[in-house]
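**Q** A single structure is presented below for examination.
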Amino acid sequence: MLQELEYPFDSEYILKKSKSIKRRLLADGSVRLQKKIAVLGGSTTHDIVRILELFLLNQGIEAQFYESEYGMYWEDAMFGNEELNVFAPDLIFIHTSLRNLRSFPEIGSSPEEVEQMLDAEYSKFAAMWEKLEADWHCPVIQNNFEYPYFRLIGNQDGVDVHGRTYYVSRMNQKFGDYARSHANFFINDINYQSAVYGLDEWSAPLYWHMYKYALCLKAIPWMAHNVANIVKSIYGKNKKSLVLDLDNTLWGGIVGDDGVENLEIGQETNLGQVYAEFQSYVKLLKDYGVMLNVASKNEEENALAGLKHPAGVLRPEDFILIKANWEPKSKNILEIASQMNILPDSLVFADDNPAEREIVRQQAQGVTAPEIGRPEDYIRVLDRGGYFEVTSLSEDDKKRNEMYKANIERAQQQAAFADYNEYLLSLKMKGTIRPFEPLYMARIAQLTNKSNQFNLTTKRYTLGEIEQTAADENHITLYGSLMDKFGDNGVVSVVIGRKEERELHVELWLMSCRVLKRDMEFAMMDALVQQCVTAGIRTIYGYYYPTAKNGMVKDFYGLQGFTRISEDDEKNAVWKFEIPDPYEKKNHVIDVEN
């Protein structure tokens, strides 16, 4: 990832150097997710597409773009055209703004007339969204509206039914209500973005009247960065864990030198209040599923004492792993990734020391170490960076810290057993394996976009595609959840197979890495065979497509009893399994409810 595309960034530099930045991104050898994005604009969008491409490349997504003709967003959405139809987008971004609202209340309008006007304007957009859903079944990102840059009735403009600010607030609320009730529809909040940027500059009339830009040129990278955060979250490119330094990051002072009693944390000093507020922010991230870890040059005893400070908000139990020692922080961070069984590029490292940040970037490839600035800036930088952008929030997300902490406890218990099978039996595992159910559709879609190491075909699905597949009688679908004496792991495995007469072709087989080597894959195989036999299928074909991340499962089908029947020069392999009669179950350690 390029540091100049991480918040806080220099917008003028990005606009000026976009071509050279793109060349460097494409030359780094990264294997990126390929997506087709249609941008339907109510204003000029060329520079938005140009800059959005950079932020997406930086997030691991290489996009092709379709761009509507100027102001033709409605026509393209409602009636399509040959070019858009051939393009067949994976995602649609509708870039509209206040300039695209057709009417506003007048001083003589009655409350009833204003309400009718509001409904008519909203209905135009809602009809467009429903048409896009019917035609494309793909995620849609829609701008809401920035506030007007003038207020005809001053401060009452946001209160009086005739006020444009009031009208925009009501419209944005309607957009938000639609988003809450449609899982594949997302709001790009330019109302908030323009407020943060500065509404006067964002909405400078010169750019509209000269170039038909709905926002000033310098604000385009800021908005494109926000859109890219939504896109990467939809496609599972979010970060998973925040790794924190301690001294002068979570509190003021050095605990080993100053002593716990002299740390700046809490309400006694203004700087102490800043650190307490930052700890509160980090605690909130944990509540939303961000996993917390510590990498600090410290004696462990001192680190734990600092985390037990009476005025602190975070406690040792809020963290999964606390690496407090004198090893390089980069080494500790890589060990954290290894112990949690996640990739280094899932981690964000927050440290007040710029030298330590740079060492981590160099020595722990993939780890993001943002320039967090002064203590007063910590929250803003992490928040605006969008590393943990939420587009869907499952119950599993909320429990993620507890799930991974339980995994550490499982690893510790494993060390006490000489026989691995006895260890697995000691976990008293219970699994549930069933065809896709509405309750878990969002989590299943999320898993298809997040799992990389244990994903044999790395095929990605949107929520709409998962729902379509589940309803298609020509597919077999299975999800698997797993719990044991340490806790509930939630939905951890997904299989999708396409029926062709008496054959099944496995289009997707993935599993969360947090349940590796727990025999869940054998339980899923048993359930898949059972479904096939019920459907009169006797032959299963499995496919393995190698990526930079999924080498660990290259021989997966062989372990399940498949025979490899072909493999090309790029190691793409096809495997075949003839279901024997009788079939001998492979899982002997998980009590499965089918």
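Ligands are numbered from 1 in the order shown, chains are lettered A, B, ... in the order of the structure tokens, and residues start at 1 in each chain.
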Quick one: residues within 12 Å of segment 482-489 of chain A, only C-alpha atoms, excluding same-chain residues fewer than 6 positions away - as a ChimeraX atom specification?

**A** /A:395-413,424-433,511-516,518-521,523-524,589-593

**Q** Show which residues sit within 12 Å of Ile342 of chain A, as a ChimeraX atom specification. Count only C-alpha atoms, and ignore same-chain residues fewer than 2 positions away.

**A** /A:239-241,291,333-340,344-347,366-367,404,450-454,512-516,549

**Q** Ranking A:Leu118, A:Val31, A:Val196, A:Ala470 by minimum distance to Tyr166 of chain A and counting only C-alpha atoms, which one comes first?

**A**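 Of all the options, A:Leu118 lies closest to Tyr166 of chain A.
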
**Q** One decimal, in Å: what's the spacing between atom CA of Glu201 of chain A and atom CA of Asp177 of chain A?

**A** 28.9 Å

**Q** Please indicate the distance in Å from atom CA of Ser203 of chain A to atom CA of Ser20 of chain A, rounded to one decimal place.

**A**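 Spanning atom CA of Ser203 of chain A to atom CA of Ser20 of chain A is a straight-line distance of 28.8 Å.
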
**Q** If you run DSSP over the backbone, which residues in segment 47-277 of chain A end up strand (DSSP E)? Put them as a VMD selection string.

**A** chain A and resid 61 to 67 91 to 95 140 to 143 185 to 188 241 to 244

**Q** Give me the segment 164-281 of chain A side of the contact with segment 89-92 of chain A, cut-off 10 Å, one line per residue showing its nearest atom pair and distance in Å at one decimal, counting only C-alpha atoms, sorted by chain and residue number, as JSON lines.

**A**
{"residue": "A:Asn184", "atom": "CA", "partner": "A:Leu91", "partner_atom": "CA", "distance": 9.9}
{"residue": "A:Phe185", "atom": "CA", "partner": "A:Ile92", "partner_atom": "CA", "distance": 9.7}
{"residue": "A:Val231", "atom": "CA", "partner": "A:Leu91", "partner_atom": "CA", "distance": 8.5}
{"residue": "A:Ile234", "atom": "CA", "partner": "A:Leu91", "partner_atom": "CA", "distance": 9.8}

**Q** Name the residues in contact with Gln59 of chain A at a cut-off of 8 Å, using only C-alpha atoms, excluding same-chain residues fewer than 4 positions from it; report them as a ChimeraX atom specification.

**A** /A:1,55,228,232,237

**Q** Grab the residues selected above and save them as an mmCIF file, in the first residue's frame with C-alpha atoms.

**A**
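The resulting file, again-v2.cif, is reproduced below:
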data_model
loop_
_atom_site.group_PDB
_atom_site.id
_atom_site.type_symbol
_atom_site.label_atom_id
_atom_site.label_comp_id
_atom_site.auth_asym_id
_atom_site.auth_seq_id
_atom_site.Cartn_x
_atom_site.Cartn_y
_atom_site.Cartn_z
ATOM 1 C CA MET A 1 0.000 0.000 0.000
ATOM 2 C CA PHE A 55 -7.760 4.281 -3.872
ATOM 3 C CA ALA A 228 -13.337 3.201 -1.900
ATOM 4 C CA LYS A 232 -13.448 -2.576 -0.053
ATOM 5 C CA LYS A 237 -10.978 -5.983 2.304
#

**Q** Would you pick out the contacts of Lys459 of chain A at 12 Å or less, using only C-alpha atoms, so that residues sharing its chain but fewer than 3 positions from it are not included, and give the list as an NGL selection string?

**A** :A and (33-34 or 235 or 445 or 447-452 or 454-456 or 462 or 465-466 or 494-496 or 506-510 or 543-547)

**Q** Restricted to N, CA and C atoms, what would the selected residues look like written as a PDB file, in the first residue's frame?

**A**
ATOM      1  N   LEU A  33      -8.277  -8.153  -6.637  1.00  0.00           N
ATOM      2  CA  LEU A  33      -9.639  -8.544  -6.975  1.00  0.00           C
ATOM      3  C   LEU A  33     -10.098  -7.723  -8.178  1.00  0.00           C
ATOM      4  N   GLN A  34     -10.649  -8.387  -9.187  1.00  0.00           N
ATOM      5  CA  GLN A  34     -11.087  -7.716 -10.412  1.00  0.00           C
ATOM      6  C   GLN A  34     -12.584  -7.410 -10.306  1.00  0.00           C
ATOM      7  N   TYR A 235     -16.411  -5.949  -0.343  1.00  0.00           N
ATOM      8  CA  TYR A 235     -15.671  -7.091  -0.873  1.00  0.00           C
ATOM      9  C   TYR A 235     -14.659  -7.671   0.116  1.00  0.00           C
ATOM     10  N   ALA A 445     -22.416 -14.330   2.857  1.00  0.00           N
ATOM     11  CA  ALA A 445     -21.861 -13.434   1.837  1.00  0.00           C
ATOM     12  C   ALA A 445     -20.575 -12.792   2.338  1.00  0.00           C
ATOM     13  N   LEU A 447     -18.460 -14.006   4.493  1.00  0.00           N
ATOM     14  CA  LEU A 447     -17.385 -15.001   4.491  1.00  0.00           C
ATOM     15  C   LEU A 447     -16.800 -15.201   3.090  1.00  0.00           C
ATOM     16  N   THR A 448     -17.649 -15.187   2.063  1.00  0.00           N
ATOM     17  CA  THR A 448     -17.136 -15.408   0.711  1.00  0.00           C
ATOM     18  C   THR A 448     -16.192 -14.297   0.288  1.00  0.00           C
ATOM     19  N   ASN A 449     -16.339 -13.130   0.886  1.00  0.00           N
ATOM     20  CA  ASN A 449     -15.491 -12.003   0.521  1.00  0.00           C
ATOM     21  C   ASN A 449     -14.300 -11.825   1.448  1.00  0.00           C
ATOM     22  N   LYS A 450     -14.287 -12.558   2.567  1.00  0.00           N
ATOM     23  CA  LYS A 450     -13.202 -12.378   3.522  1.00  0.00           C
ATOM     24  C   LYS A 450     -12.193 -13.508   3.530  1.00  0.00           C
ATOM     25  N   SER A 451     -12.632 -14.731   3.326  1.00  0.00           N
ATOM     26  CA  SER A 451     -11.732 -15.872   3.489  1.00  0.00           C
ATOM     27  C   SER A 451     -10.821 -15.998   2.274  1.00  0.00           C
ATOM     28  N   ASN A 452      -9.523 -15.990   2.510  1.00  0.00           N
ATOM     29  CA  ASN A 452      -8.563 -16.064   1.419  1.00  0.00           C
ATOM     30  C   ASN A 452      -7.694 -17.320   1.486  1.00  0.00           C
ATOM     31  N   PHE A 454      -8.189 -20.271   3.088  1.00  0.00           N
ATOM     32  CA  PHE A 454      -8.918 -21.521   2.894  1.00  0.00           C
ATOM     33  C   PHE A 454     -10.115 -21.232   1.995  1.00  0.00           C
ATOM     34  N   ASN A 455      -9.826 -20.978   0.739  1.00  0.00           N
ATOM     35  CA  ASN A 455     -10.857 -20.734  -0.264  1.00  0.00           C
ATOM     36  C   ASN A 455     -10.349 -21.310  -1.572  1.00  0.00           C
ATOM     37  N   LEU A 456     -10.951 -22.419  -1.999  1.00  0.00           N
ATOM     38  CA  LEU A 456     -10.386 -23.199  -3.103  1.00  0.00           C
ATOM     39  C   LEU A 456     -10.567 -22.542  -4.465  1.00  0.00           C
ATOM     40  N   THR A 462     -22.046 -11.487  -3.777  1.00  0.00           N
ATOM     41  CA  THR A 462     -22.792 -10.452  -3.073  1.00  0.00           C
ATOM     42  C   THR A 462     -23.952 -11.115  -2.330  1.00  0.00           C
ATOM     43  N   GLU A 465     -26.523 -12.378  -4.735  1.00  0.00           N
ATOM     44  CA  GLU A 465     -26.134 -13.614  -5.417  1.00  0.00           C
ATOM     45  C   GLU A 465     -26.268 -14.824  -4.495  1.00  0.00           C
ATOM     46  N   ILE A 466     -25.958 -14.644  -3.203  1.00  0.00           N
ATOM     47  CA  ILE A 466     -26.132 -15.734  -2.238  1.00  0.00           C
ATOM     48  C   ILE A 466     -27.611 -16.098  -2.134  1.00  0.00           C
ATOM     49  N   VAL A 494     -18.514 -22.675   4.268  1.00  0.00           N
ATOM     50  CA  VAL A 494     -19.549 -22.535   3.234  1.00  0.00           C
ATOM     51  C   VAL A 494     -19.168 -23.406   2.038  1.00  0.00           C
ATOM     52  N   VAL A 495     -20.154 -24.143   1.517  1.00  0.00           N
ATOM     53  CA  VAL A 495     -19.967 -24.934   0.293  1.00  0.00           C
ATOM     54  C   VAL A 495     -21.121 -24.637  -0.656  1.00  0.00           C
ATOM     55  N   ILE A 496     -20.789 -24.409  -1.916  1.00  0.00           N
ATOM     56  CA  ILE A 496     -21.798 -24.236  -2.969  1.00  0.00           C
ATOM     57  C   ILE A 496     -21.447 -25.174  -4.112  1.00  0.00           C
ATOM     58  N   VAL A 506     -18.328 -28.342  -7.566  1.00  0.00           N
ATOM     59  CA  VAL A 506     -18.168 -27.465  -6.400  1.00  0.00           C
ATOM     60  C   VAL A 506     -17.644 -26.111  -6.871  1.00  0.00           C
ATOM     61  N   GLU A 507     -18.490 -25.091  -6.757  1.00  0.00           N
ATOM     62  CA  GLU A 507     -18.122 -23.744  -7.189  1.00  0.00           C
ATOM     63  C   GLU A 507     -17.422 -22.965  -6.081  1.00  0.00           C
ATOM     64  N   LEU A 508     -17.696 -23.330  -4.840  1.00  0.00           N
ATOM     65  CA  LEU A 508     -17.092 -22.619  -3.711  1.00  0.00           C
ATOM     66  C   LEU A 508     -16.960 -23.572  -2.539  1.00  0.00           C
ATOM     67  N   TRP A 509     -15.785 -23.578  -1.940  1.00  0.00           N
ATOM     68  CA  TRP A 509     -15.590 -24.287  -0.666  1.00  0.00           C
ATOM     69  C   TRP A 509     -14.612 -23.441   0.135  1.00  0.00           C
ATOM     70  N   LEU A 510     -15.076 -22.928   1.241  1.00  0.00           N
ATOM     71  CA  LEU A 510     -14.208 -22.084   2.059  1.00  0.00           C
ATOM     72  C   LEU A 510     -14.441 -22.372   3.532  1.00  0.00           C
ATOM     73  N   TYR A 543     -12.659 -28.080  -7.660  1.00  0.00           N
ATOM     74  CA  TYR A 543     -11.745 -27.235  -8.439  1.00  0.00           C
ATOM     75  C   TYR A 543     -10.863 -26.434  -7.491  1.00  0.00           C
ATOM     76  N   TYR A 544      -9.587 -26.371  -7.846  1.00  0.00           N
ATOM     77  CA  TYR A 544      -8.655 -25.550  -7.073  1.00  0.00           C
ATOM     78  C   TYR A 544      -7.979 -24.555  -8.011  1.00  0.00           C
ATOM     79  N   TYR A 545      -8.135 -23.263  -7.695  1.00  0.00           N
ATOM     80  CA  TYR A 545      -7.508 -22.198  -8.474  1.00  0.00           C
ATOM     81  C   TYR A 545      -6.523 -21.477  -7.556  1.00  0.00           C
ATOM     82  N   PRO A 546      -5.225 -21.605  -7.786  1.00  0.00           N
ATOM     83  CA  PRO A 546      -4.241 -21.046  -6.852  1.00  0.00           C
ATOM     84  C   PRO A 546      -4.199 -19.529  -6.872  1.00  0.00           C
ATOM     85  N   THR A 547      -3.979 -18.955  -5.702  1.00  0.00           N
ATOM     86  CA  THR A 547      -3.734 -17.528  -5.558  1.00  0.00           C
ATOM     87  C   THR A 547      -2.491 -17.360  -4.687  1.00  0.00           C
TER      88      THR A 547
END

**Q** Which is closer to Ile444 of chain A than all the others in A:Phe556, A:Asn550, A:Gly236, A:Asp157, using only C-alpha atoms?

**A**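 Of the candidates, the smallest distance to Ile444 of chain A is held by A:Gly236.
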
**Q** Which polymer residues have any atom within 12 Å of an atom of Tyr583 of chain A, counting only C-alpha atoms, with same-chain residues fewer than 5 positions away left out, as a PDB file with all heavy atoms, in the first residue's frame?

**A**
ATOM      1  N   MET A 525     -17.670 -32.287   4.399  1.00  0.00           N
ATOM      2  CA  MET A 525     -17.626 -33.293   3.335  1.00  0.00           C
ATOM      3  C   MET A 525     -18.705 -34.351   3.559  1.00  0.00           C
ATOM      4  O   MET A 525     -19.427 -34.742   2.626  1.00  0.00           O
ATOM      5  CB  MET A 525     -16.246 -33.956   3.299  1.00  0.00           C
ATOM      6  CG  MET A 525     -16.108 -35.042   2.235  1.00  0.00           C
ATOM      7  SD  MET A 525     -16.213 -34.402   0.552  1.00  0.00           S
ATOM      8  CE  MET A 525     -16.028 -35.917  -0.403  1.00  0.00           C
ATOM      9  N   ASP A 526     -18.857 -34.824   4.791  1.00  0.00           N
ATOM     10  CA  ASP A 526     -19.887 -35.814   5.089  1.00  0.00           C
ATOM     11  C   ASP A 526     -21.271 -35.280   4.749  1.00  0.00           C
ATOM     12  O   ASP A 526     -22.104 -35.982   4.162  1.00  0.00           O
ATOM     13  CB  ASP A 526     -19.834 -36.196   6.576  1.00  0.00           C
ATOM     14  CG  ASP A 526     -18.563 -36.952   6.943  1.00  0.00           C
ATOM     15  OD1 ASP A 526     -17.860 -37.422   6.041  1.00  0.00           O
ATOM     16  OD2 ASP A 526     -18.287 -37.072   8.157  1.00  0.00           O
ATOM     17  N   ALA A 527     -21.528 -34.015   5.130  1.00  0.00           N
ATOM     18  CA  ALA A 527     -22.842 -33.425   4.866  1.00  0.00           C
ATOM     19  C   ALA A 527     -23.062 -33.229   3.373  1.00  0.00           C
ATOM     20  O   ALA A 527     -24.176 -33.425   2.859  1.00  0.00           O
ATOM     21  CB  ALA A 527     -22.967 -32.086   5.602  1.00  0.00           C
ATOM     22  N   LEU A 528     -22.006 -32.845   2.640  1.00  0.00           N
ATOM     23  CA  LEU A 528     -22.123 -32.660   1.197  1.00  0.00           C
ATOM     24  C   LEU A 528     -22.453 -33.983   0.514  1.00  0.00           C
ATOM     25  O   LEU A 528     -23.320 -34.046  -0.370  1.00  0.00           O
ATOM     26  CB  LEU A 528     -20.827 -32.072   0.639  1.00  0.00           C
ATOM     27  CG  LEU A 528     -20.810 -31.798  -0.862  1.00  0.00           C
ATOM     28  CD1 LEU A 528     -21.857 -30.757  -1.241  1.00  0.00           C
ATOM     29  CD2 LEU A 528     -19.417 -31.346  -1.325  1.00  0.00           C
ATOM     30  N   VAL A 529     -21.774 -35.045   0.915  1.00  0.00           N
ATOM     31  CA  VAL A 529     -22.055 -36.366   0.337  1.00  0.00           C
ATOM     32  C   VAL A 529     -23.503 -36.763   0.615  1.00  0.00           C
ATOM     33  O   VAL A 529     -24.210 -37.286  -0.261  1.00  0.00           O
ATOM     34  CB  VAL A 529     -21.072 -37.415   0.894  1.00  0.00           C
ATOM     35  CG1 VAL A 529     -21.543 -38.825   0.558  1.00  0.00           C
ATOM     36  CG2 VAL A 529     -19.676 -37.172   0.341  1.00  0.00           C
ATOM     37  N   GLN A 530     -23.968 -36.515   1.835  1.00  0.00           N
ATOM     38  CA  GLN A 530     -25.345 -36.851   2.189  1.00  0.00           C
ATOM     39  C   GLN A 530     -26.335 -36.120   1.295  1.00  0.00           C
ATOM     40  O   GLN A 530     -27.313 -36.707   0.812  1.00  0.00           O
ATOM     41  CB  GLN A 530     -25.590 -36.489   3.657  1.00  0.00           C
ATOM     42  CG  GLN A 530     -26.994 -36.806   4.146  1.00  0.00           C
ATOM     43  CD  GLN A 530     -27.182 -36.394   5.604  1.00  0.00           C
ATOM     44  OE1 GLN A 530     -26.237 -36.297   6.360  1.00  0.00           O
ATOM     45  NE2 GLN A 530     -28.427 -36.152   5.980  1.00  0.00           N
ATOM     46  N   CYS A 532     -25.752 -34.977  -1.719  1.00  0.00           N
ATOM     47  CA  CYS A 532     -25.623 -35.503  -3.079  1.00  0.00           C
ATOM     48  C   CYS A 532     -26.380 -36.819  -3.230  1.00  0.00           C
ATOM     49  O   CYS A 532     -27.111 -37.020  -4.217  1.00  0.00           O
ATOM     50  CB  CYS A 532     -24.144 -35.694  -3.423  1.00  0.00           C
ATOM     51  SG  CYS A 532     -23.246 -34.168  -3.740  1.00  0.00           S
ATOM     52  N   VAL A 533     -26.203 -37.706  -2.293  1.00  0.00           N
ATOM     53  CA  VAL A 533     -26.884 -39.004  -2.359  1.00  0.00           C
ATOM     54  C   VAL A 533     -28.393 -38.805  -2.383  1.00  0.00           C
ATOM     55  O   VAL A 533     -29.114 -39.445  -3.152  1.00  0.00           O
ATOM     56  CB  VAL A 533     -26.452 -39.899  -1.184  1.00  0.00           C
ATOM     57  CG1 VAL A 533     -27.323 -41.151  -1.110  1.00  0.00           C
ATOM     58  CG2 VAL A 533     -24.978 -40.281  -1.313  1.00  0.00           C
ATOM     59  N   ARG A 538     -23.844 -39.079  -7.769  1.00  0.00           N
ATOM     60  CA  ARG A 538     -22.814 -40.038  -7.353  1.00  0.00           C
ATOM     61  C   ARG A 538     -21.393 -39.549  -7.623  1.00  0.00           C
ATOM     62  O   ARG A 538     -20.431 -40.159  -7.167  1.00  0.00           O
ATOM     63  CB  ARG A 538     -23.006 -41.382  -8.069  1.00  0.00           C
ATOM     64  CG  ARG A 538     -24.364 -42.018  -7.923  1.00  0.00           C
ATOM     65  CD  ARG A 538     -24.791 -42.249  -6.486  1.00  0.00           C
ATOM     66  NE  ARG A 538     -23.836 -43.019  -5.688  1.00  0.00           N
ATOM     67  CZ  ARG A 538     -24.052 -43.398  -4.433  1.00  0.00           C
ATOM     68  NH1 ARG A 538     -25.181 -43.049  -3.823  1.00  0.00           N
ATOM     69  NH2 ARG A 538     -23.141 -44.087  -3.785  1.00  0.00           N
ATOM     70  N   GLY A 561     -10.235 -37.586  -0.242  1.00  0.00           N
ATOM     71  CA  GLY A 561     -10.425 -38.818  -1.016  1.00  0.00           C
ATOM     72  C   GLY A 561     -10.661 -38.604  -2.493  1.00  0.00           C
ATOM     73  O   GLY A 561     -10.965 -39.558  -3.222  1.00  0.00           O
ATOM     74  N   PHE A 577     -14.450 -37.154  -7.305  1.00  0.00           N
ATOM     75  CA  PHE A 577     -14.758 -38.081  -6.207  1.00  0.00           C
ATOM     76  C   PHE A 577     -15.999 -38.892  -6.579  1.00  0.00           C
ATOM     77  O   PHE A 577     -17.069 -38.331  -6.816  1.00  0.00           O
ATOM     78  CB  PHE A 577     -15.020 -37.311  -4.910  1.00  0.00           C
ATOM     79  CG  PHE A 577     -15.283 -38.180  -3.705  1.00  0.00           C
ATOM     80  CD1 PHE A 577     -14.254 -38.856  -3.075  1.00  0.00           C
ATOM     81  CD2 PHE A 577     -16.582 -38.330  -3.208  1.00  0.00           C
ATOM     82  CE1 PHE A 577     -14.490 -39.657  -1.962  1.00  0.00           C
ATOM     83  CE2 PHE A 577     -16.832 -39.122  -2.110  1.00  0.00           C
ATOM     84  CZ  PHE A 577     -15.784 -39.789  -1.484  1.00  0.00           C
ATOM     85  N   GLU A 578     -15.840 -40.205  -6.673  1.00  0.00           N
ATOM     86  CA  GLU A 578     -16.971 -41.108  -6.890  1.00  0.00           C
ATOM     87  C   GLU A 578     -17.462 -41.561  -5.523  1.00  0.00           C
ATOM     88  O   GLU A 578     -16.704 -42.173  -4.754  1.00  0.00           O
ATOM     89  CB  GLU A 578     -16.542 -42.318  -7.727  1.00  0.00           C
ATOM     90  CG  GLU A 578     -16.090 -41.978  -9.141  1.00  0.00           C
ATOM     91  CD  GLU A 578     -17.242 -41.624 -10.068  1.00  0.00           C
ATOM     92  OE1 GLU A 578     -18.410 -41.699  -9.627  1.00  0.00           O
ATOM     93  OE2 GLU A 578     -16.974 -41.267 -11.236  1.00  0.00           O
TER      94      GLU A 578
END

**Q** Calculated over only C-alpha atoms, which of the candidates A:Thr458, A:Asn341, A:Ser394, A:Asn594 has the smallest distance to Gly480 of chain A?

**A**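 That would be A:Asn594, the residue with the smallest distance to Gly480 of chain A.
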
**Q** I need the residues of segment 142-284 of chain A that end up classed as helix (DSSP H, G or I) by DSSP on the backbone, written out as number ranges by chain.

**A** A: 154-158, 164-181, 190-197, 199-202, 205-211, 217-234, 255-258, 260-262, 270-284
